[in-house]
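Undergrad: Below is my_file_17.txt; it holds compact mmCIF, N, CA and C atoms.
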```txt
# COMPACT_ATOMS: atom_id res chain seq x y z
N MET A 1 0.82 -1.19 0.00
CA MET A 1 0.00 0.00 0.00
C MET A 1 0.87 1.26 0.00
N VAL A 2 1.98 1.21 0.74
CA VAL A 2 2.88 2.36 0.79
C VAL A 2 3.46 2.65 -0.60
N MET A 3 3.83 1.59 -1.31
CA MET A 3 4.38 1.77 -2.66
C MET A 3 3.33 2.34 -3.61
N LEU A 4 2.10 1.88 -3.47
CA LEU A 4 1.01 2.40 -4.30
C LEU A 4 0.86 3.90 -4.07
N LEU A 5 0.83 4.32 -2.83
CA LEU A 5 0.70 5.75 -2.51
C LEU A 5 1.92 6.54 -2.95
N ARG A 6 3.09 5.91 -2.84
CA ARG A 6 4.32 6.61 -3.24
C ARG A 6 4.31 6.99 -4.72
N TYR A 7 3.83 6.09 -5.55
CA TYR A 7 3.85 6.34 -6.99
C TYR A 7 2.57 6.97 -7.54
N TRP A 8 1.43 6.49 -7.11
CA TRP A 8 0.17 7.00 -7.66
C TRP A 8 -0.42 8.15 -6.84
N GLY A 9 0.04 8.31 -5.60
CA GLY A 9 -0.43 9.42 -4.77
C GLY A 9 -0.19 10.78 -5.42
N PRO A 10 1.04 11.07 -5.90
CA PRO A 10 1.27 12.36 -6.55
C PRO A 10 0.41 12.58 -7.80
N VAL A 11 0.15 11.51 -8.54
CA VAL A 11 -0.72 11.62 -9.72
C VAL A 11 -2.11 12.06 -9.28
N CYS A 12 -2.63 11.40 -8.27
CA CYS A 12 -3.99 11.71 -7.78
C CYS A 12 -4.07 13.12 -7.20
N VAL A 13 -3.08 13.50 -6.42
CA VAL A 13 -3.07 14.84 -5.82
C VAL A 13 -3.02 15.90 -6.92
N TYR A 14 -2.18 15.70 -7.92
CA TYR A 14 -2.07 16.68 -9.01
C TYR A 14 -3.35 16.72 -9.84
N ALA A 15 -3.97 15.57 -10.06
CA ALA A 15 -5.23 15.53 -10.80
C ALA A 15 -6.33 16.28 -10.04
N VAL A 16 -6.35 16.15 -8.73
CA VAL A 16 -7.33 16.89 -7.92
C VAL A 16 -7.05 18.39 -8.00
N LEU A 17 -5.78 18.77 -8.02
CA LEU A 17 -5.42 20.19 -8.16
C LEU A 17 -5.92 20.74 -9.50
N ILE A 18 -5.71 19.99 -10.58
CA ILE A 18 -6.21 20.42 -11.89
C ILE A 18 -7.73 20.55 -11.85
N TYR A 19 -8.39 19.55 -11.29
CA TYR A 19 -9.86 19.56 -11.21
C TYR A 19 -10.36 20.76 -10.41
N SER A 20 -9.70 21.04 -9.29
CA SER A 20 -10.16 22.15 -8.45
C SER A 20 -9.98 23.49 -9.14
N MET A 21 -8.91 23.64 -9.91
CA MET A 21 -8.72 24.89 -10.66
C MET A 21 -9.75 24.98 -11.79
N SER A 22 -10.07 23.86 -12.40
CA SER A 22 -11.05 23.85 -13.49
C SER A 22 -12.46 24.11 -13.00
N ALA A 23 -12.71 23.81 -11.74
CA ALA A 23 -14.06 23.98 -11.18
C ALA A 23 -14.35 25.43 -10.81
N GLN A 24 -13.35 26.29 -10.92
CA GLN A 24 -13.54 27.70 -10.56
C GLN A 24 -13.97 28.51 -11.77
N SER A 25 -14.95 29.36 -11.56
CA SER A 25 -15.42 30.22 -12.65
C SER A 25 -14.35 31.24 -13.05
N HIS A 26 -13.54 31.66 -12.10
CA HIS A 26 -12.48 32.65 -12.37
C HIS A 26 -11.17 32.18 -11.74
N PRO A 27 -10.52 31.18 -12.33
CA PRO A 27 -9.29 30.65 -11.73
C PRO A 27 -8.17 31.68 -11.70
N GLU A 28 -8.26 32.69 -12.55
CA GLU A 28 -7.21 33.71 -12.59
C GLU A 28 -7.08 34.45 -11.26
N ASP A 29 -8.13 34.41 -10.45
CA ASP A 29 -8.07 35.05 -9.13
C ASP A 29 -7.08 34.36 -8.20
N ASN A 30 -6.76 33.10 -8.49
CA ASN A 30 -5.88 32.31 -7.62
C ASN A 30 -4.53 31.97 -8.25
N LEU A 31 -4.23 32.59 -9.37
CA LEU A 31 -2.98 32.28 -10.06
C LEU A 31 -2.01 33.46 -9.95
N PRO A 32 -0.71 33.18 -9.95
CA PRO A 32 0.28 34.27 -9.93
C PRO A 32 0.20 35.10 -11.22
N ALA A 33 0.55 36.36 -11.12
CA ALA A 33 0.42 37.30 -12.24
C ALA A 33 1.24 36.88 -13.47
N PHE A 34 2.42 36.27 -13.26
CA PHE A 34 3.27 35.93 -14.41
C PHE A 34 2.61 34.91 -15.35
N VAL A 35 1.65 34.15 -14.85
CA VAL A 35 0.97 33.15 -15.68
C VAL A 35 0.25 33.83 -16.85
N PHE A 36 -0.21 35.05 -16.63
CA PHE A 36 -0.97 35.74 -17.67
C PHE A 36 -0.08 36.31 -18.76
N ASP A 37 1.24 36.26 -18.55
CA ASP A 37 2.18 36.67 -19.60
C ASP A 37 2.37 35.55 -20.62
N LEU A 38 1.94 34.34 -20.26
CA LEU A 38 2.08 33.18 -21.14
C LEU A 38 0.79 32.94 -21.92
N SER A 39 0.92 32.31 -23.05
CA SER A 39 -0.24 31.90 -23.82
C SER A 39 -1.02 30.85 -23.05
N ASP A 40 -2.33 30.87 -23.21
CA ASP A 40 -3.20 29.88 -22.58
C ASP A 40 -2.77 28.47 -22.97
N LYS A 41 -2.36 28.28 -24.19
CA LYS A 41 -1.96 26.95 -24.67
C LYS A 41 -0.65 26.52 -24.03
N VAL A 42 0.25 27.45 -23.79
CA VAL A 42 1.51 27.13 -23.13
C VAL A 42 1.25 26.70 -21.69
N VAL A 43 0.34 27.39 -21.02
CA VAL A 43 -0.02 27.02 -19.65
C VAL A 43 -0.62 25.62 -19.62
N HIS A 44 -1.51 25.32 -20.58
CA HIS A 44 -2.08 23.97 -20.67
C HIS A 44 -0.97 22.93 -20.89
N ALA A 45 -0.04 23.22 -21.79
CA ALA A 45 1.03 22.28 -22.10
C ALA A 45 1.91 22.03 -20.88
N ILE A 46 2.26 23.07 -20.16
CA ILE A 46 3.10 22.90 -18.96
C ILE A 46 2.35 22.09 -17.90
N GLU A 47 1.09 22.45 -17.69
CA GLU A 47 0.26 21.76 -16.70
C GLU A 47 0.19 20.26 -16.98
N TYR A 48 0.00 19.89 -18.23
CA TYR A 48 -0.13 18.48 -18.58
C TYR A 48 1.21 17.80 -18.81
N ALA A 49 2.27 18.56 -19.03
CA ALA A 49 3.60 17.95 -19.06
C ALA A 49 3.92 17.38 -17.68
N VAL A 50 3.56 18.12 -16.65
CA VAL A 50 3.77 17.63 -15.28
C VAL A 50 2.92 16.39 -15.02
N LEU A 51 1.66 16.43 -15.43
CA LEU A 51 0.80 15.26 -15.23
C LEU A 51 1.35 14.06 -16.00
N GLY A 52 1.78 14.27 -17.22
CA GLY A 52 2.37 13.17 -18.01
C GLY A 52 3.59 12.58 -17.33
N MET A 53 4.45 13.44 -16.78
CA MET A 53 5.64 12.95 -16.08
C MET A 53 5.26 12.15 -14.84
N LEU A 54 4.29 12.62 -14.10
CA LEU A 54 3.86 11.90 -12.91
C LEU A 54 3.27 10.54 -13.28
N CYS A 55 2.49 10.49 -14.35
CA CYS A 55 1.92 9.22 -14.82
C CYS A 55 3.03 8.26 -15.26
N TYR A 56 3.99 8.79 -16.00
CA TYR A 56 5.12 7.96 -16.46
C TYR A 56 5.89 7.40 -15.27
N ARG A 57 6.16 8.25 -14.30
CA ARG A 57 6.87 7.82 -13.09
C ARG A 57 6.10 6.71 -12.38
N ALA A 58 4.79 6.86 -12.26
CA ALA A 58 3.96 5.87 -11.58
C ALA A 58 3.94 4.55 -12.36
N LEU A 59 3.80 4.65 -13.66
CA LEU A 59 3.76 3.43 -14.48
C LEU A 59 5.10 2.70 -14.47
N ARG A 60 6.19 3.44 -14.46
CA ARG A 60 7.51 2.81 -14.43
C ARG A 60 7.86 2.26 -13.06
N GLY A 61 7.37 2.92 -12.01
CA GLY A 61 7.76 2.55 -10.66
C GLY A 61 6.87 1.54 -9.98
N TYR A 62 5.58 1.65 -10.24
CA TYR A 62 4.65 0.76 -9.54
C TYR A 62 3.53 0.36 -10.47
N SER A 63 3.73 -0.71 -11.16
CA SER A 63 2.69 -1.25 -12.02
C SER A 63 3.11 -2.63 -12.48
N VAL A 64 2.21 -3.28 -13.16
CA VAL A 64 2.53 -4.61 -13.68
C VAL A 64 3.56 -4.48 -14.79
N VAL A 65 4.26 -5.56 -15.04
CA VAL A 65 5.37 -5.54 -16.00
C VAL A 65 4.93 -5.03 -17.37
N SER A 66 3.80 -5.49 -17.87
CA SER A 66 3.37 -5.06 -19.21
C SER A 66 3.08 -3.56 -19.25
N TRP A 67 2.63 -2.99 -18.15
CA TRP A 67 2.41 -1.54 -18.11
C TRP A 67 3.75 -0.81 -18.12
N ARG A 68 4.72 -1.34 -17.40
CA ARG A 68 6.05 -0.72 -17.38
C ARG A 68 6.64 -0.69 -18.78
N GLN A 69 6.44 -1.79 -19.52
CA GLN A 69 7.00 -1.88 -20.87
C GLN A 69 6.36 -0.87 -21.82
N HIS A 70 5.15 -0.45 -21.54
CA HIS A 70 4.42 0.49 -22.39
C HIS A 70 4.15 1.80 -21.66
N ALA A 71 5.05 2.18 -20.78
CA ALA A 71 4.83 3.36 -19.93
C ALA A 71 4.70 4.65 -20.73
N ILE A 72 5.43 4.79 -21.80
CA ILE A 72 5.37 6.03 -22.58
C ILE A 72 3.97 6.24 -23.17
N PRO A 73 3.47 5.31 -24.01
CA PRO A 73 2.14 5.55 -24.58
C PRO A 73 1.03 5.56 -23.53
N LEU A 74 1.17 4.73 -22.49
CA LEU A 74 0.13 4.70 -21.46
C LEU A 74 0.07 6.01 -20.67
N ALA A 75 1.22 6.57 -20.36
CA ALA A 75 1.26 7.85 -19.62
C ALA A 75 0.67 8.97 -20.46
N ILE A 76 1.01 8.99 -21.74
CA ILE A 76 0.44 10.01 -22.64
C ILE A 76 -1.06 9.83 -22.75
N LEU A 77 -1.50 8.59 -22.90
CA LEU A 77 -2.93 8.30 -23.00
C LEU A 77 -3.68 8.71 -21.73
N LEU A 78 -3.14 8.36 -20.56
CA LEU A 78 -3.80 8.72 -19.30
C LEU A 78 -3.94 10.24 -19.17
N ALA A 79 -2.86 10.96 -19.44
CA ALA A 79 -2.90 12.42 -19.32
C ALA A 79 -3.84 13.03 -20.36
N SER A 80 -3.84 12.49 -21.56
CA SER A 80 -4.71 13.00 -22.62
C SER A 80 -6.18 12.77 -22.30
N VAL A 81 -6.50 11.58 -21.82
CA VAL A 81 -7.89 11.28 -21.45
C VAL A 81 -8.33 12.17 -20.29
N TYR A 82 -7.42 12.39 -19.33
CA TYR A 82 -7.76 13.29 -18.23
C TYR A 82 -7.97 14.71 -18.75
N GLY A 83 -7.16 15.12 -19.71
CA GLY A 83 -7.33 16.44 -20.32
C GLY A 83 -8.68 16.57 -21.02
N ALA A 84 -9.10 15.52 -21.71
CA ALA A 84 -10.41 15.54 -22.38
C ALA A 84 -11.52 15.62 -21.33
N SER A 85 -11.38 14.87 -20.25
CA SER A 85 -12.41 14.91 -19.20
C SER A 85 -12.43 16.28 -18.52
N ASP A 86 -11.27 16.90 -18.41
CA ASP A 86 -11.19 18.24 -17.83
C ASP A 86 -11.89 19.26 -18.72
N GLU A 87 -11.70 19.14 -20.02
CA GLU A 87 -12.39 20.05 -20.95
C GLU A 87 -13.90 19.85 -20.88
N LEU A 88 -14.34 18.62 -20.80
CA LEU A 88 -15.77 18.34 -20.65
C LEU A 88 -16.28 18.95 -19.35
N HIS A 89 -15.55 18.76 -18.28
CA HIS A 89 -15.92 19.33 -16.98
C HIS A 89 -16.05 20.85 -17.06
N GLN A 90 -15.09 21.50 -17.72
CA GLN A 90 -15.12 22.96 -17.83
C GLN A 90 -16.33 23.47 -18.59
N SER A 91 -16.86 22.65 -19.48
CA SER A 91 -18.02 23.10 -20.26
C SER A 91 -19.26 23.30 -19.39
N PHE A 92 -19.25 22.75 -18.17
CA PHE A 92 -20.38 22.90 -17.25
C PHE A 92 -20.15 24.00 -16.21
N ILE A 93 -19.00 24.63 -16.23
CA ILE A 93 -18.66 25.66 -15.24
C ILE A 93 -19.01 27.04 -15.80
N PRO A 94 -19.76 27.84 -15.03
CA PRO A 94 -20.11 29.20 -15.50
C PRO A 94 -18.85 30.01 -15.82
N PHE A 95 -18.90 30.75 -16.90
CA PHE A 95 -17.83 31.62 -17.38
C PHE A 95 -16.60 30.88 -17.90
N ARG A 96 -16.70 29.57 -18.03
CA ARG A 96 -15.60 28.78 -18.59
C ARG A 96 -16.08 28.17 -19.90
N ASP A 97 -15.16 27.80 -20.73
CA ASP A 97 -15.54 27.11 -21.97
C ASP A 97 -14.61 25.94 -22.20
N SER A 98 -15.04 25.11 -23.10
CA SER A 98 -14.30 23.90 -23.44
C SER A 98 -13.76 24.06 -24.86
N SER A 99 -12.53 23.62 -25.08
CA SER A 99 -11.95 23.78 -26.41
C SER A 99 -11.10 22.55 -26.76
N TRP A 100 -11.29 22.06 -27.97
CA TRP A 100 -10.47 20.94 -28.41
C TRP A 100 -9.01 21.37 -28.57
N LEU A 101 -8.79 22.67 -28.79
CA LEU A 101 -7.42 23.17 -28.88
C LEU A 101 -6.72 23.12 -27.52
N ASP A 102 -7.47 23.36 -26.46
CA ASP A 102 -6.90 23.21 -25.12
C ASP A 102 -6.53 21.74 -24.87
N TRP A 103 -7.43 20.84 -25.28
CA TRP A 103 -7.14 19.41 -25.13
C TRP A 103 -5.90 19.03 -25.94
N LEU A 104 -5.78 19.59 -27.15
CA LEU A 104 -4.61 19.31 -27.97
C LEU A 104 -3.33 19.80 -27.29
N ALA A 105 -3.40 21.00 -26.69
CA ALA A 105 -2.25 21.53 -25.95
C ALA A 105 -1.94 20.63 -24.76
N ASP A 106 -2.98 20.12 -24.10
CA ASP A 106 -2.79 19.19 -22.98
C ASP A 106 -2.03 17.95 -23.44
N THR A 107 -2.46 17.40 -24.57
CA THR A 107 -1.87 16.17 -25.08
C THR A 107 -0.43 16.40 -25.56
N ILE A 108 -0.19 17.50 -26.22
CA ILE A 108 1.17 17.83 -26.66
C ILE A 108 2.07 18.02 -25.44
N GLY A 109 1.58 18.73 -24.44
CA GLY A 109 2.35 18.93 -23.22
C GLY A 109 2.67 17.62 -22.54
N ALA A 110 1.66 16.74 -22.43
CA ALA A 110 1.88 15.43 -21.81
C ALA A 110 2.93 14.64 -22.58
N THR A 111 2.86 14.68 -23.90
CA THR A 111 3.82 13.97 -24.74
C THR A 111 5.23 14.49 -24.51
N LEU A 112 5.39 15.80 -24.50
CA LEU A 112 6.71 16.39 -24.29
C LEU A 112 7.25 16.07 -22.90
N GLY A 113 6.38 16.14 -21.90
CA GLY A 113 6.80 15.84 -20.54
C GLY A 113 7.23 14.39 -20.37
N VAL A 114 6.44 13.49 -20.92
CA VAL A 114 6.76 12.06 -20.82
C VAL A 114 8.07 11.76 -21.55
N LEU A 115 8.22 12.28 -22.75
CA LEU A 115 9.44 12.01 -23.51
C LEU A 115 10.67 12.62 -22.85
N ALA A 116 10.52 13.80 -22.26
CA ALA A 116 11.64 14.43 -21.56
C ALA A 116 12.05 13.60 -20.34
N LEU A 117 11.08 13.16 -19.56
CA LEU A 117 11.41 12.36 -18.38
C LEU A 117 12.00 11.01 -18.79
N HIS A 118 11.46 10.42 -19.84
CA HIS A 118 12.01 9.15 -20.34
C HIS A 118 13.48 9.34 -20.73
N ARG A 119 13.76 10.43 -21.39
CA ARG A 119 15.13 10.72 -21.82
C ARG A 119 16.06 10.86 -20.61
N VAL A 120 15.59 11.56 -19.60
CA VAL A 120 16.40 11.73 -18.39
C VAL A 120 16.63 10.39 -17.70
N VAL A 121 15.60 9.57 -17.60
CA VAL A 121 15.70 8.27 -16.95
C VAL A 121 16.68 7.37 -17.70
N GLN A 122 16.72 7.49 -19.02
CA GLN A 122 17.59 6.63 -19.83
C GLN A 122 19.05 7.07 -19.83
N MET A 123 19.32 8.28 -19.35
CA MET A 123 20.70 8.77 -19.33
C MET A 123 21.51 7.99 -18.30
N LYS A 124 22.73 7.70 -18.65
CA LYS A 124 23.60 6.96 -17.74
C LYS A 124 24.41 7.98 -16.93
N PRO A 125 24.65 7.67 -15.66
CA PRO A 125 25.49 8.58 -14.87
C PRO A 125 26.90 8.66 -15.45
N ALA A 126 27.53 9.79 -15.31
CA ALA A 126 28.87 10.00 -15.86
C ALA A 126 29.86 8.95 -15.34
N SER A 127 29.66 8.50 -14.13
CA SER A 127 30.60 7.52 -13.55
C SER A 127 30.51 6.16 -14.25
N SER A 128 29.41 5.90 -14.98
CA SER A 128 29.29 4.60 -15.65
C SER A 128 29.83 4.62 -17.08
N ILE A 129 30.28 5.78 -17.55
CA ILE A 129 30.82 5.89 -18.90
C ILE A 129 32.32 5.60 -18.83
N PRO A 130 32.77 4.61 -19.61
CA PRO A 130 34.21 4.28 -19.56
C PRO A 130 35.07 5.42 -20.12
N GLU A 131 36.24 5.58 -19.52
CA GLU A 131 37.15 6.61 -19.99
C GLU A 131 37.84 6.12 -21.26
N VAL A 132 38.19 7.06 -22.11
CA VAL A 132 38.84 6.72 -23.37
C VAL A 132 40.31 6.95 -23.27
```
I need this file expressed as structure tokens, please.
TA:
Amino acid sequence: MVMLLRYWGPVCVYAVLIYSMSAQSHPEDNLPAFVFDLSDKVVHAIEYAVLGMLCYRALRGYSVVSWRQHAIPLAILLASVYGASDELHQSFIPFRDSSWLDWLADTIGATLGVLALHRVVQMKPASSIPEV
């Protein structure tokens, strides 16, 4: 149970954070000012890059072997499906709207986050590289 919470707990906590921000009619009231200097799509991509990384970490660290072997596509899929559900959820919130372009930014962000973390995980420490 401890291992389950260690790996999937951060995913769940972050998903609840995304949901709680999406449930607000005016989330800008609770965000730092610098966020408004960025494009809405960039914010979506960053938000879901983190979710994608957390999903990848959970799938690689605590899951069945077949899930570990397919952690990249599964993490992207999980984050993308959550992004679609978030857009659907926002369509019911006053003063918010739903956009397939936001979902696309979510999916692109998740993909970039997962691939970046995968790349970092695959890097070998300098001490393991033989000297020439």
Undergrad: For Met53 in chain A, which of A:Ile93, A:Ala79, A:Ala15, A:Val2 is the closest residue, counting only N, CA and C atoms?
TA: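 The closest residue to Met53 in chain A is A:Ala79.
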Undergrad: Run DSSP on the backbone and tell me which residues of range 4-131 of chain A come out as alpha helix (DSSP H); list them as a ChimeraX atom specification.
TA: /A:4-22,40-61,65-69,71-90,100-122
Undergrad: Out of A:Leu51, A:Val43, A:Leu78, A:Trp67, which residue has the shortest atom-to-atom distance to Leu31 in chain A when counting only C-alpha atoms?
TA: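 Between A:Leu51, A:Val43, A:Leu78, A:Trp67, the residue approaching Leu31 in chain A most closely is A:Val43.
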Undergrad: Leaving out Leu54 in chain A and any residue of its chain fewer than 2 positions from it, which residues lie within 8 Å of it when counting all atoms listed in the file, given as a list in words?
TA: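 In the requested format, the answer is Tyr7, Trp8, Pro10, Val11, Cys12, Tyr48, Ala49, Val50, Leu51, Gly52, Tyr56, Arg57, Ala58, Leu59, Arg60, Ala75, Gly113 and Val114 of chain A.
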Undergrad: Would you mind telling me which residue in A:Ala110, A:Met1, A:Ala105, A:Ala116 lies nearest to Asp40 in chain A when using only N, CA and C atoms?
TA: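 When distances to Asp40 in chain A are compared using only N, CA and C atoms, the smallest one comes from A:Ala105.
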Undergrad: How many Å separate atom C of Gly83 in chain A from CA of His118 in chain A?
TA: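 Atom C of Gly83 in chain A sits 22.0 Å away from CA of His118 in chain A.
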Undergrad: For Ile18 in chain A, which residue out of A:Asp86, A:Ile72, A:Met3, A:Phe92 is the nearest one, using only C-alpha atoms?
TA: A:Asp86
Undergrad: To box range 47-62 of chain A, take all atoms listed in the file, fit an axis-aligned box, add 6 Å on each side, and give centre and edge lengths in Å to one decimal, as lines of an AutoDock Vina configuration file.
TA:
```
center_x = 3.9
center_y = 11.4
center_z = -14.3
size_x = 20.0
size_y = 34.1
size_z = 21.5
```
Undergrad: Hey, can you check how far atom N of Ser80 in chain A sits from atom C of Lys124 in chain A?
TA: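 Here the two named atoms are 29.0 Å from each other.
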Undergrad: Which distance in Å separates CA of Tyr19 in chain A and CA of His89 in chain A, to one decimal?
TA: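 It comes out at 8.4 Å.
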Undergrad: Let me make sure I understand: among A:Phe95, A:Tyr82, A:Tyr62, A:Trp103, which one has the smallest atom-to-atom distance to Leu5 in chain A if we use only C-alpha atoms?
TA: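 Checking each of A:Phe95, A:Tyr82, A:Tyr62, A:Trp103 against Leu5 in chain A, counting only C-alpha atoms, the winner is A:Tyr62.
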Undergrad: Point out the residue among A:Val121, A:Ile108, A:Ile76, A:Ser22 with the least atom-to-atom distance to Ser91 in chain A, counting all atoms listed in the file.
TA: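 Among A:Val121, A:Ile108, A:Ile76, A:Ser22, it is A:Ser22 that comes nearest to Ser91 in chain A.
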